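Beneath this line is the structure, given in structure tokens, with notes to follow.
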Amino acid sequence: MTLRTYILKRIVISLFILWLVATLNFTIFALSTGDPVKYLLKPEMHKEQRDLLEKAYGLNEPWWSQYLKSLRNQFSFGIIPPYFGWSSQTGTWVADGLWWRLAITVLLLGSALIGRIILGIPTGIFAASKRGSKTDVAVVTSALFTHGVPAFFTQLLTVFAFTYLLTHYDIYVVPLTATIDANVRQGLSGLQLYAQIAWHMTLPIVTLVLVGFGAWALYTRNMLIDALTQDYVVTARAKGLSERTILYKHAFKSILPPVTTMITLAIPGVVTGAIITEQIFKIEGIGTWYITALQENIADYAVAQAVLFIYAALVIVCNLIADFIYGVLDPRIRVGMRR
Amino acid sequence: MSVTRKVWERRVRNFWQDFSHNRIGLLGVAIIAAYIVVACITPVLAPVDPEKRMVAEQYAYPEWYANLVPALSNLPRTMNATLSWTIENETALPDFVTANQVGDKWTINYNNGTEPVQIVFTAKWNYTRLSPKTFNFLFSYAANPGKPGTTWWSLELREITPVGNKTGSWGNNIPLWDSFWWLYQIYNKDVRYGQISTYSIAYKNWPFLKNTQNTSVAFCPMQLFYRLGYDPVEYNRQMLPDMFGPPGEFTFKMYLNIKPVAGMTNTTCTVSLSKFKISIPGLVYGILGTQVYGCDCWSRLIYGVRVSLAVGLAAAVISTSLGILIGVVAGFMGGALDEILMRLVDVLLCLPALPILLVMVALFGRSVWYIVLIIAVFGWQGLARMIRAQTLSIREMSFIECAQASGGSKSYIMTKHVMPNIMPIALADMVLSIPGAIILEAALSFIGFGDPTTPTWGREFNLAFSVGSGFSNFIWWWVVPPGIAITLLCLAFVFVSHAIDEIVNPRLRRRR
């Protein structure tokens with residue numbers, strides 16, 4: 001099997017899975033007892049108006065017609081009509097409210113992910129190079145800690161502490177919520193606004209990095225230590241190479257494919273991991289939107305469906321990319337596929 | 001059978017030997033054991049109902065903390081008083097009225113009376129503290145007109161402060177004060193939160209007044225629960241002089257009016273009145289104080305242990321069983337079944353845990369057990385994939401071939417030969433999946449999608465965060481203990497799974 005047929009096969013399977021996800025997405029909402037029209041209805045409305053609304057949302061149609069409509073909504077990807085469907089909450093296309101919220105979420109979690117990688121991987125390398133020492137133990141322990149402590153508790157504690165400083169001692173360190181005051185927003189322009197946005201996201205990003213970088217460090221350390229016990233490292237030592245050369249040129253290079261895969265697989269988390277952080281820091285991102293859409297009295301299922309679909313599509317695409325990168329980076333797989 | 005048992009015994013013994021040398025694993029086991037003990041004796045440790053409101057004043061300090069900090073040491077504790085009524089005009093009562101005190105209640109009989117009568121009950125109370133934020137008056141009354149429509153009766157409570165301010169608390173008369181920022185909650189004593197009706201200042205709406213005409217009323221506890229709204233300045237200006245002025249002797253008067261309806265004969269009426277109970281919630285309470293609704297924080301913390309443990313264990317057991325079952329079947333059977341199951345795994349792996357959980361909970365229900373089920377149903381895919389890979393390699397081993405050659409059926413081989421060999425990995429994965437389930441449930445509750453009737457830690461976070469004053473007032477005894485509890489529990493499981501991983505995974509052991 002050549003690399004091309006391999007990738008083609010993967011793409012076909014991925015499309016099939018995406019279709020299954022879209023079907024599941026439709027089924028869940030079709031089976032639910034919630035009523036998306038209820039939020040739009042006012043008590044003074046007539047029966048005819050209700051019927052009209054139900055017709056507009058296609059609730060009277062047979063299930064297969066609704067299914068086809070749902071598929072068309074989801075596979076529009078928000079770039080062609082019907083733009084992920086019609087949001088009953090805002091009265092616009094779902095895609096209209098989607099992109100800027102997605103941008104905020106990606107900005108928040110993307111910078112957090114980069115921070116985690118930049119901080120985590122060197123820490124892991126450092127710990128692996130001092131295997132068995134106190135530094136190593138400290139890194140492993142703190143990584144286990146970050147695995148155990150719920151991220152939202154750490155974030156709540158941070159908010160708690162800073163609020164205390166602000167209300168009791170009048171010490172203002174960082175903004176506690178990521179929302180920028182409308183008056184402030186109007187007075188700013190261009191670069192200043194971006195600076196403000198970044199400044200308001202300091203606290204969430206810093207807490208996210210602190211909570212998550214331990215896992216990266218632990219992963220890198222374990223992989224590296226595994227690599228350092230391999231026979232070729234012993235040979236390299238016997239040749240008299242310096243520890244530094246062995247660490248970076250031999251051991252670290254050999255763990256690059258799995259680390260790259262790991263990074264690729266973490267990218268969907270940039271969108272999905274935001275829900276709680278956005279709640280705590282009051283960020284108008286995609287997670288907040290999703291939760292609002294699911295509230296009983298709002299029941300904006302088009303939005304929820306679209307967000308879930310984006311999540312799943314991102315996971316699938318990133319899996320595909322990870323497979324591809326692995327195939328390109330790891331010569332063993334490349335050669336194996338040629339055979 | 002006995003051979004199998006021996007093998008298992010040896011395996012367990014070997015495992016324990018390895019495990020008992022692992023210090024971090026033992027620490028984890030100790031912590032988990034402590035939690036389980038707490039979960040078993042929860043009612044002993046926390047006798048107070050976690051959902052009971054106003055066991056003390058809102059945000060009451062923990063007892064030990066108040067003793068520690070000199071500035072707080074003089075804060076009042078919860079105060080209860082039971083006052084007995086005496087009848088002020090007992091000698092002046094006409095012949096057709098008899099008053100008897102049996103036990104702790106007065107019974108007044110109005111027998112074929114011809115003219116209206118007023119009976120005045122009095123109770124004295126020494127109160128030496130400054131005026132409270134909240135107070136609770138409780139008494140029970142019953143009325144039974146012998147024949148409906150022949151008598152008219154009413155009760156009215158008045159309070160006289162040491163300096164002579166008079167306050168009519170409730171009754172047919174218009175209250176002497178009329179302060180719109182007071183919140184009135186009037187409810188039967190045993191009605192739990194959720195069914196309490198909150199009434200506005202309009203005294204005409206008070207529900208029990210409708211009973212006071214000429215119908216019969218069973219002995220019903222009546223609670224007057226006044227809680228000050230929000231403005232401490234207004235409160236001091238208005239409430240202090242009105243109801244709790246300078247400390248001293250307070251007098252409560254209960255006026256019972258009975259009069260015959262004009263033109264009626266056979267006018268009889270019996271009215272009973274219990275003792276008058278006063279309770280003023282303290283500003284210092286218990287081990288961990290109280291939260292925004294005056295619920296006992298300690299109780300809520302301890303009851304949360306049960307829920308979290310149950311959620312974590314149940315979800316992990318269900319999802320691991322599903323993972324083993326599907327992994328083994330897919331790996332061993334192969335073919336179309338394998339293909340279908342693995343595509344299902346692929347689909348489920350695409351859906352991130354928290355968002356899909358939110359959807360399911362929002363659309364289908366919020367009970368804790370339902371949440372457990374959803375966590376389990378969406379949590380087995382990773383394990384199933386791993387187990388399938390293991391099964392594939394085990395299937396090629398010679399002892400399976402032996403079993404097949406001796407005529408073992410597929411289900412027999414799967415349960416007796418394949419499953420025991422994948423158990424250690426599944427066990428390690430199960431322990432590792434417990435903290436995930438616990439955190440997921442807490443996160444769900446924190447967002448506000450949890451079970452609203454179960455005291456969970458996530459719900460405390462949600463409440464503290466949404467109320468906000470828990471943060472700005474630095475009510476640490478409310479927010480921090482549940483966090484520490486959940487952290488410790490999750491860490492314990494992570495430690496144990498780390499230890500198990502080192503034992504059952506030889507590659508990791510070599511690394512040390």
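We name chains A, B, ... following the order of the structure tokens; residues begin at 1 in each chain, and ligands are numbered from 1 as shown.
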
* When the cut-off is 8 Å and we count only C-alpha atoms, which residues of chain B are near chain A, given as an MDAnalysis selection string? -> chainID B and resid 343 346:347 350:352 355:356 358:360 362:364 435 439 443 447 471:474 480 483 486:488 490:491 494:495 511:512

Keeping N, CA, C and O atoms, export the residues of the selection given above as a compact mmCIF listing (two decimals), in the first residue's frame.
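Ended up saving to result01.txt:
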```
# COMPACT_ATOMS: atom_id res chain seq x y z
N ARG B 343 -16.12 0.89 14.29
CA ARG B 343 -16.63 2.14 13.72
C ARG B 343 -17.41 2.92 14.78
O ARG B 343 -17.32 4.12 14.89
N ASP B 346 -14.99 4.59 16.86
CA ASP B 346 -14.47 5.76 16.16
C ASP B 346 -15.42 6.95 16.30
O ASP B 346 -15.00 8.07 16.59
N VAL B 347 -16.69 6.68 16.10
CA VAL B 347 -17.68 7.76 16.18
C VAL B 347 -17.71 8.35 17.58
O VAL B 347 -17.66 9.57 17.77
N CYS B 350 -14.93 10.62 18.57
CA CYS B 350 -14.93 11.96 17.99
C CYS B 350 -15.66 12.96 18.86
O CYS B 350 -15.47 14.16 18.74
N LEU B 351 -16.58 12.45 19.69
CA LEU B 351 -17.41 13.36 20.46
C LEU B 351 -16.73 13.64 21.80
O LEU B 351 -16.51 12.73 22.58
N PRO B 352 -16.38 14.90 22.05
CA PRO B 352 -15.72 15.22 23.32
C PRO B 352 -16.66 15.01 24.49
O PRO B 352 -17.88 15.19 24.37
N PRO B 355 -19.04 18.26 26.25
CA PRO B 355 -20.15 18.75 25.42
C PRO B 355 -21.25 17.72 25.21
O PRO B 355 -22.43 18.06 25.33
N ILE B 356 -20.88 16.47 24.95
CA ILE B 356 -21.91 15.47 24.69
C ILE B 356 -22.68 15.19 25.97
O ILE B 356 -23.90 15.00 25.96
N LEU B 358 -23.24 17.36 28.30
CA LEU B 358 -24.14 18.51 28.48
C LEU B 358 -25.41 18.32 27.67
O LEU B 358 -26.52 18.56 28.15
N VAL B 359 -25.22 17.89 26.42
CA VAL B 359 -26.40 17.69 25.56
C VAL B 359 -27.32 16.65 26.17
O VAL B 359 -28.53 16.87 26.33
N MET B 360 -26.75 15.51 26.54
CA MET B 360 -27.58 14.42 27.04
C MET B 360 -28.33 14.84 28.31
O MET B 360 -29.52 14.56 28.46
N ALA B 362 -29.00 17.91 29.29
CA ALA B 362 -29.96 18.97 29.02
C ALA B 362 -31.21 18.41 28.36
O ALA B 362 -32.31 18.88 28.60
N LEU B 363 -31.04 17.39 27.53
CA LEU B 363 -32.19 16.90 26.78
C LEU B 363 -32.97 15.81 27.49
O LEU B 363 -34.16 15.67 27.28
N PHE B 364 -32.30 15.02 28.33
CA PHE B 364 -32.99 13.83 28.81
C PHE B 364 -33.18 13.76 30.33
O PHE B 364 -33.93 12.93 30.79
N PRO B 435 -11.14 9.17 38.78
CA PRO B 435 -11.08 10.63 38.97
C PRO B 435 -11.68 11.40 37.82
O PRO B 435 -12.29 12.45 38.02
N ILE B 439 -14.47 14.22 38.37
CA ILE B 439 -14.27 15.60 37.94
C ILE B 439 -15.33 16.00 36.92
O ILE B 439 -15.86 17.12 36.94
N ALA B 443 -17.76 19.05 37.30
CA ALA B 443 -17.77 20.10 36.28
C ALA B 443 -19.19 20.34 35.79
O ALA B 443 -19.63 21.48 35.64
N ILE B 447 -21.28 23.85 36.15
CA ILE B 447 -21.89 24.64 35.08
C ILE B 447 -23.38 24.84 35.34
O ILE B 447 -23.99 25.75 34.81
N PHE B 471 -17.48 34.98 47.09
CA PHE B 471 -16.14 35.34 46.63
C PHE B 471 -15.71 36.67 47.21
O PHE B 471 -14.64 36.81 47.77
N SER B 472 -16.58 37.68 47.07
CA SER B 472 -16.15 39.01 47.49
C SER B 472 -16.02 39.10 49.01
O SER B 472 -15.22 39.88 49.50
N ASN B 473 -16.80 38.30 49.75
CA ASN B 473 -16.69 38.35 51.21
C ASN B 473 -15.65 37.37 51.73
O ASN B 473 -15.48 37.23 52.93
N PHE B 474 -15.01 36.64 50.83
CA PHE B 474 -13.98 35.68 51.20
C PHE B 474 -14.52 34.65 52.18
O PHE B 474 -14.02 34.48 53.28
N VAL B 480 -13.43 26.50 49.76
CA VAL B 480 -12.16 25.78 49.74
C VAL B 480 -12.29 24.31 50.19
O VAL B 480 -11.75 23.44 49.52
N GLY B 483 -13.28 21.84 47.48
CA GLY B 483 -12.21 21.74 46.49
C GLY B 483 -11.10 20.84 46.96
O GLY B 483 -10.61 19.98 46.23
N ILE B 486 -12.28 17.16 46.89
CA ILE B 486 -12.31 16.53 45.55
C ILE B 486 -10.89 16.31 45.05
O ILE B 486 -10.58 15.29 44.44
N THR B 487 -10.00 17.26 45.34
CA THR B 487 -8.62 17.13 44.91
C THR B 487 -7.98 15.90 45.55
O THR B 487 -7.34 15.09 44.88
N LEU B 488 -8.16 15.77 46.87
CA LEU B 488 -7.56 14.64 47.60
C LEU B 488 -8.08 13.32 47.05
O LEU B 488 -7.30 12.38 46.82
N CYS B 490 -9.38 12.61 44.10
CA CYS B 490 -8.89 12.32 42.76
C CYS B 490 -7.41 11.94 42.80
O CYS B 490 -6.98 11.01 42.13
N LEU B 491 -6.65 12.67 43.62
CA LEU B 491 -5.22 12.37 43.74
C LEU B 491 -5.02 10.94 44.23
O LEU B 491 -4.15 10.22 43.74
N VAL B 494 -5.46 8.65 41.44
CA VAL B 494 -4.34 8.76 40.51
C VAL B 494 -3.12 8.03 41.06
O VAL B 494 -2.43 7.30 40.34
N PHE B 495 -2.88 8.19 42.36
CA PHE B 495 -1.73 7.50 42.99
C PHE B 495 -1.88 5.99 42.85
O PHE B 495 -0.94 5.30 42.46
N ARG B 511 11.81 1.10 33.78
CA ARG B 511 12.26 2.47 33.66
C ARG B 511 12.86 2.99 34.96
O ARG B 511 13.64 3.91 34.99
N ARG B 512 12.47 2.42 36.08
CA ARG B 512 12.91 2.98 37.36
C ARG B 512 14.35 2.65 37.67
O ARG B 512 14.81 1.58 37.35
```

* Enter the distance from CA of Ala60 in chain B to CA of Met79 in chain B, in Å, rounded to one decimal. => 13.6 Å

* Asked: Leaving out Gly263 in chain B and any residue of its chain fewer than 4 positions from it, which residues lie within 10 Å of it when counting only C-alpha atoms, given as a list in words?
  ->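 The neighbour list is Thr114, Thr150 and Thr267 of chain B.
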
Write the selection just made, keeping all heavy atoms, as a CSV table (one decimal), in the first residue's frame?
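Now in again-v9.csv:
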```csv
chain,number,residue,atom,x,y,z
B,114,THR,N,-72.6,34.8,74.5
B,114,THR,CA,-73.5,35.7,73.9
B,114,THR,C,-72.8,37.0,73.5
B,114,THR,O,-73.4,37.8,72.7
B,114,THR,CB,-74.6,36.1,74.9
B,114,THR,OG1,-74.0,36.4,76.2
B,114,THR,CG2,-75.6,34.9,75.1
B,150,THR,N,-71.1,29.8,63.3
B,150,THR,CA,-71.7,30.4,64.5
B,150,THR,C,-70.8,31.3,65.2
B,150,THR,O,-71.3,32.2,65.9
B,150,THR,CB,-72.2,29.3,65.5
B,150,THR,OG1,-71.1,28.5,65.8
B,150,THR,CG2,-73.3,28.4,64.8
B,267,THR,N,-73.5,28.7,70.0
B,267,THR,CA,-72.2,29.3,69.6
B,267,THR,C,-71.1,28.7,70.4
B,267,THR,O,-70.9,29.2,71.6
B,267,THR,CB,-72.2,30.8,69.7
B,267,THR,OG1,-72.7,31.1,71.0
B,267,THR,CG2,-73.2,31.4,68.7
```

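Excluding Asp96 in chain A and any residue on its chain fewer than 4 positions from it, the residues at most 12 Å away by only C-alpha atoms are Gly78, Ile79, Ile80, Pro81, Pro82, Tyr83, Phe84, Gly85, Trp86, Ser87, Thr90, Gly91, Thr92, Trp100, Arg101, Leu102, Val303 and Ala306 of chain A.
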
* **Long-range neighbours of Pro257 in chain A as a ChimeraX atom specification, 8 Å cut-off, only C-alpha atoms, 3 positions minimum in chain** => /A:254,260-261,325-326,329-330

Just-selected residues, C-alpha atoms written as a short mmCIF file (atom, residue, chain, number, x, y, z; two decimals), in the first residue's frame:
```cif
data_model
loop_
_atom_site.label_atom_id
_atom_site.label_comp_id
_atom_site.auth_asym_id
_atom_site.auth_seq_id
_atom_site.Cartn_x
_atom_site.Cartn_y
_atom_site.Cartn_z
CA SER A 254 13.45 9.72 18.18
CA THR A 260 4.04 15.83 17.14
CA THR A 261 1.10 13.45 17.08
CA ILE A 325 2.37 13.44 10.03
CA TYR A 326 3.21 10.16 11.67
CA LEU A 329 7.93 11.64 10.17
CA ASP A 330 8.42 8.02 11.12
#
```

* To do: Determine, counting only C-alpha atoms, which protein, DNA and RNA residues have an atom within 9 Å of an atom of Leu344 in chain B; residues of the same chain fewer than 4 positions away are not included. Present the result as a ChimeraX atom specification.
  => /A:17,20 /B:339-340,348-349,381

Got time to write the residues from that selection, all heavy atoms, as a PDB file, in the first residue's frame?
```
ATOM      1  N   ILE A  17     -17.209   8.407   8.981  1.00  0.00           N
ATOM      2  CA  ILE A  17     -17.403   8.653  10.412  1.00  0.00           C
ATOM      3  C   ILE A  17     -18.095   9.992  10.639  1.00  0.00           C
ATOM      4  O   ILE A  17     -18.968  10.125  11.500  1.00  0.00           O
ATOM      5  CB  ILE A  17     -16.046   8.588  11.149  1.00  0.00           C
ATOM      6  CG1 ILE A  17     -15.552   7.147  11.151  1.00  0.00           C
ATOM      7  CG2 ILE A  17     -16.167   9.090  12.562  1.00  0.00           C
ATOM      8  CD1 ILE A  17     -14.163   6.991  11.670  1.00  0.00           C
ATOM      9  N   LEU A  20     -21.636   9.511  10.179  1.00  0.00           N
ATOM     10  CA  LEU A  20     -22.226   8.824  11.340  1.00  0.00           C
ATOM     11  C   LEU A  20     -22.431   9.800  12.497  1.00  0.00           C
ATOM     12  O   LEU A  20     -23.470   9.783  13.165  1.00  0.00           O
ATOM     13  CB  LEU A  20     -21.315   7.681  11.797  1.00  0.00           C
ATOM     14  CG  LEU A  20     -21.377   6.391  10.990  1.00  0.00           C
ATOM     15  CD1 LEU A  20     -20.451   5.350  11.598  1.00  0.00           C
ATOM     16  CD2 LEU A  20     -22.795   5.855  10.955  1.00  0.00           C
TER      17      LEU A  20
ATOM     18  N   GLU B 339     -15.767  -4.950  12.769  1.00  0.00           N
ATOM     19  CA  GLU B 339     -15.770  -3.726  11.965  1.00  0.00           C
ATOM     20  C   GLU B 339     -16.836  -2.748  12.474  1.00  0.00           C
ATOM     21  O   GLU B 339     -16.568  -1.570  12.710  1.00  0.00           O
ATOM     22  CB  GLU B 339     -16.043  -4.106  10.499  1.00  0.00           C
ATOM     23  CG  GLU B 339     -15.758  -3.012   9.503  1.00  0.00           C
ATOM     24  CD  GLU B 339     -14.285  -2.628   9.457  1.00  0.00           C
ATOM     25  OE1 GLU B 339     -13.403  -3.466   9.798  1.00  0.00           O
ATOM     26  OE2 GLU B 339     -14.017  -1.486   9.109  1.00  0.00           O
ATOM     27  N   ILE B 340     -18.036  -3.270  12.730  1.00  0.00           N
ATOM     28  CA  ILE B 340     -19.134  -2.416  13.195  1.00  0.00           C
ATOM     29  C   ILE B 340     -18.798  -1.806  14.549  1.00  0.00           C
ATOM     30  O   ILE B 340     -18.916  -0.591  14.768  1.00  0.00           O
ATOM     31  CB  ILE B 340     -20.442  -3.230  13.288  1.00  0.00           C
ATOM     32  CG1 ILE B 340     -20.929  -3.602  11.893  1.00  0.00           C
ATOM     33  CG2 ILE B 340     -21.517  -2.448  14.029  1.00  0.00           C
ATOM     34  CD1 ILE B 340     -22.061  -4.599  11.901  1.00  0.00           C
ATOM     35  N   LEU B 348     -17.759   7.454  18.574  1.00  0.00           N
ATOM     36  CA  LEU B 348     -17.865   7.961  19.950  1.00  0.00           C
ATOM     37  C   LEU B 348     -16.599   8.685  20.370  1.00  0.00           C
ATOM     38  O   LEU B 348     -16.643   9.604  21.174  1.00  0.00           O
ATOM     39  CB  LEU B 348     -18.160   6.805  20.905  1.00  0.00           C
ATOM     40  CG  LEU B 348     -19.568   6.228  20.783  1.00  0.00           C
ATOM     41  CD1 LEU B 348     -19.762   5.096  21.764  1.00  0.00           C
ATOM     42  CD2 LEU B 348     -20.602   7.302  21.019  1.00  0.00           C
ATOM     43  N   LEU B 349     -15.455   8.270  19.819  1.00  0.00           N
ATOM     44  CA  LEU B 349     -14.201   8.943  20.180  1.00  0.00           C
ATOM     45  C   LEU B 349     -14.145  10.358  19.617  1.00  0.00           C
ATOM     46  O   LEU B 349     -13.391  11.184  20.104  1.00  0.00           O
ATOM     47  CB  LEU B 349     -13.006   8.136  19.668  1.00  0.00           C
ATOM     48  CG  LEU B 349     -12.507   7.042  20.602  1.00  0.00           C
ATOM     49  CD1 LEU B 349     -11.355   6.297  19.949  1.00  0.00           C
ATOM     50  CD2 LEU B 349     -12.050   7.612  21.926  1.00  0.00           C
ATOM     51  N   GLN B 381     -14.786   3.859  25.173  1.00  0.00           N
ATOM     52  CA  GLN B 381     -14.224   3.610  23.845  1.00  0.00           C
ATOM     53  C   GLN B 381     -12.716   3.380  23.867  1.00  0.00           C
ATOM     54  O   GLN B 381     -12.207   2.460  23.221  1.00  0.00           O
ATOM     55  CB  GLN B 381     -14.515   4.778  22.908  1.00  0.00           C
ATOM     56  CG  GLN B 381     -15.927   5.287  22.950  1.00  0.00           C
ATOM     57  CD  GLN B 381     -16.062   6.418  23.939  1.00  0.00           C
ATOM     58  OE1 GLN B 381     -15.092   6.808  24.577  1.00  0.00           O
ATOM     59  NE2 GLN B 381     -17.248   6.952  24.075  1.00  0.00           N
TER      60      GLN B 381
END
```

* Asked: Mind checking DSSP for range 210-428 of chain B and telling me the strand (DSSP E or B) residues as a ChimeraX atom specification?
  -> /B:217-228,248-260,268-273,276-280,284,290,296

* **Near-Met254 in chain B list (9 Å; only C-alpha atoms; drop same-chain fewer than 6 positions) as a PyMOL selection string** => chain B and resi 85+119-123+155-159

* Point-to-point distance in Å for CA of Ser445 in chain B and CA of Phe461 in chain B -> 8.2 Å

* **Å distance separating CA of Asp104 in chain B from CA of Gly282 in chain B, one decimal place** =>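 Computed distance, CA of Asp104 in chain B to CA of Gly282 in chain B, equals 26.2 Å.
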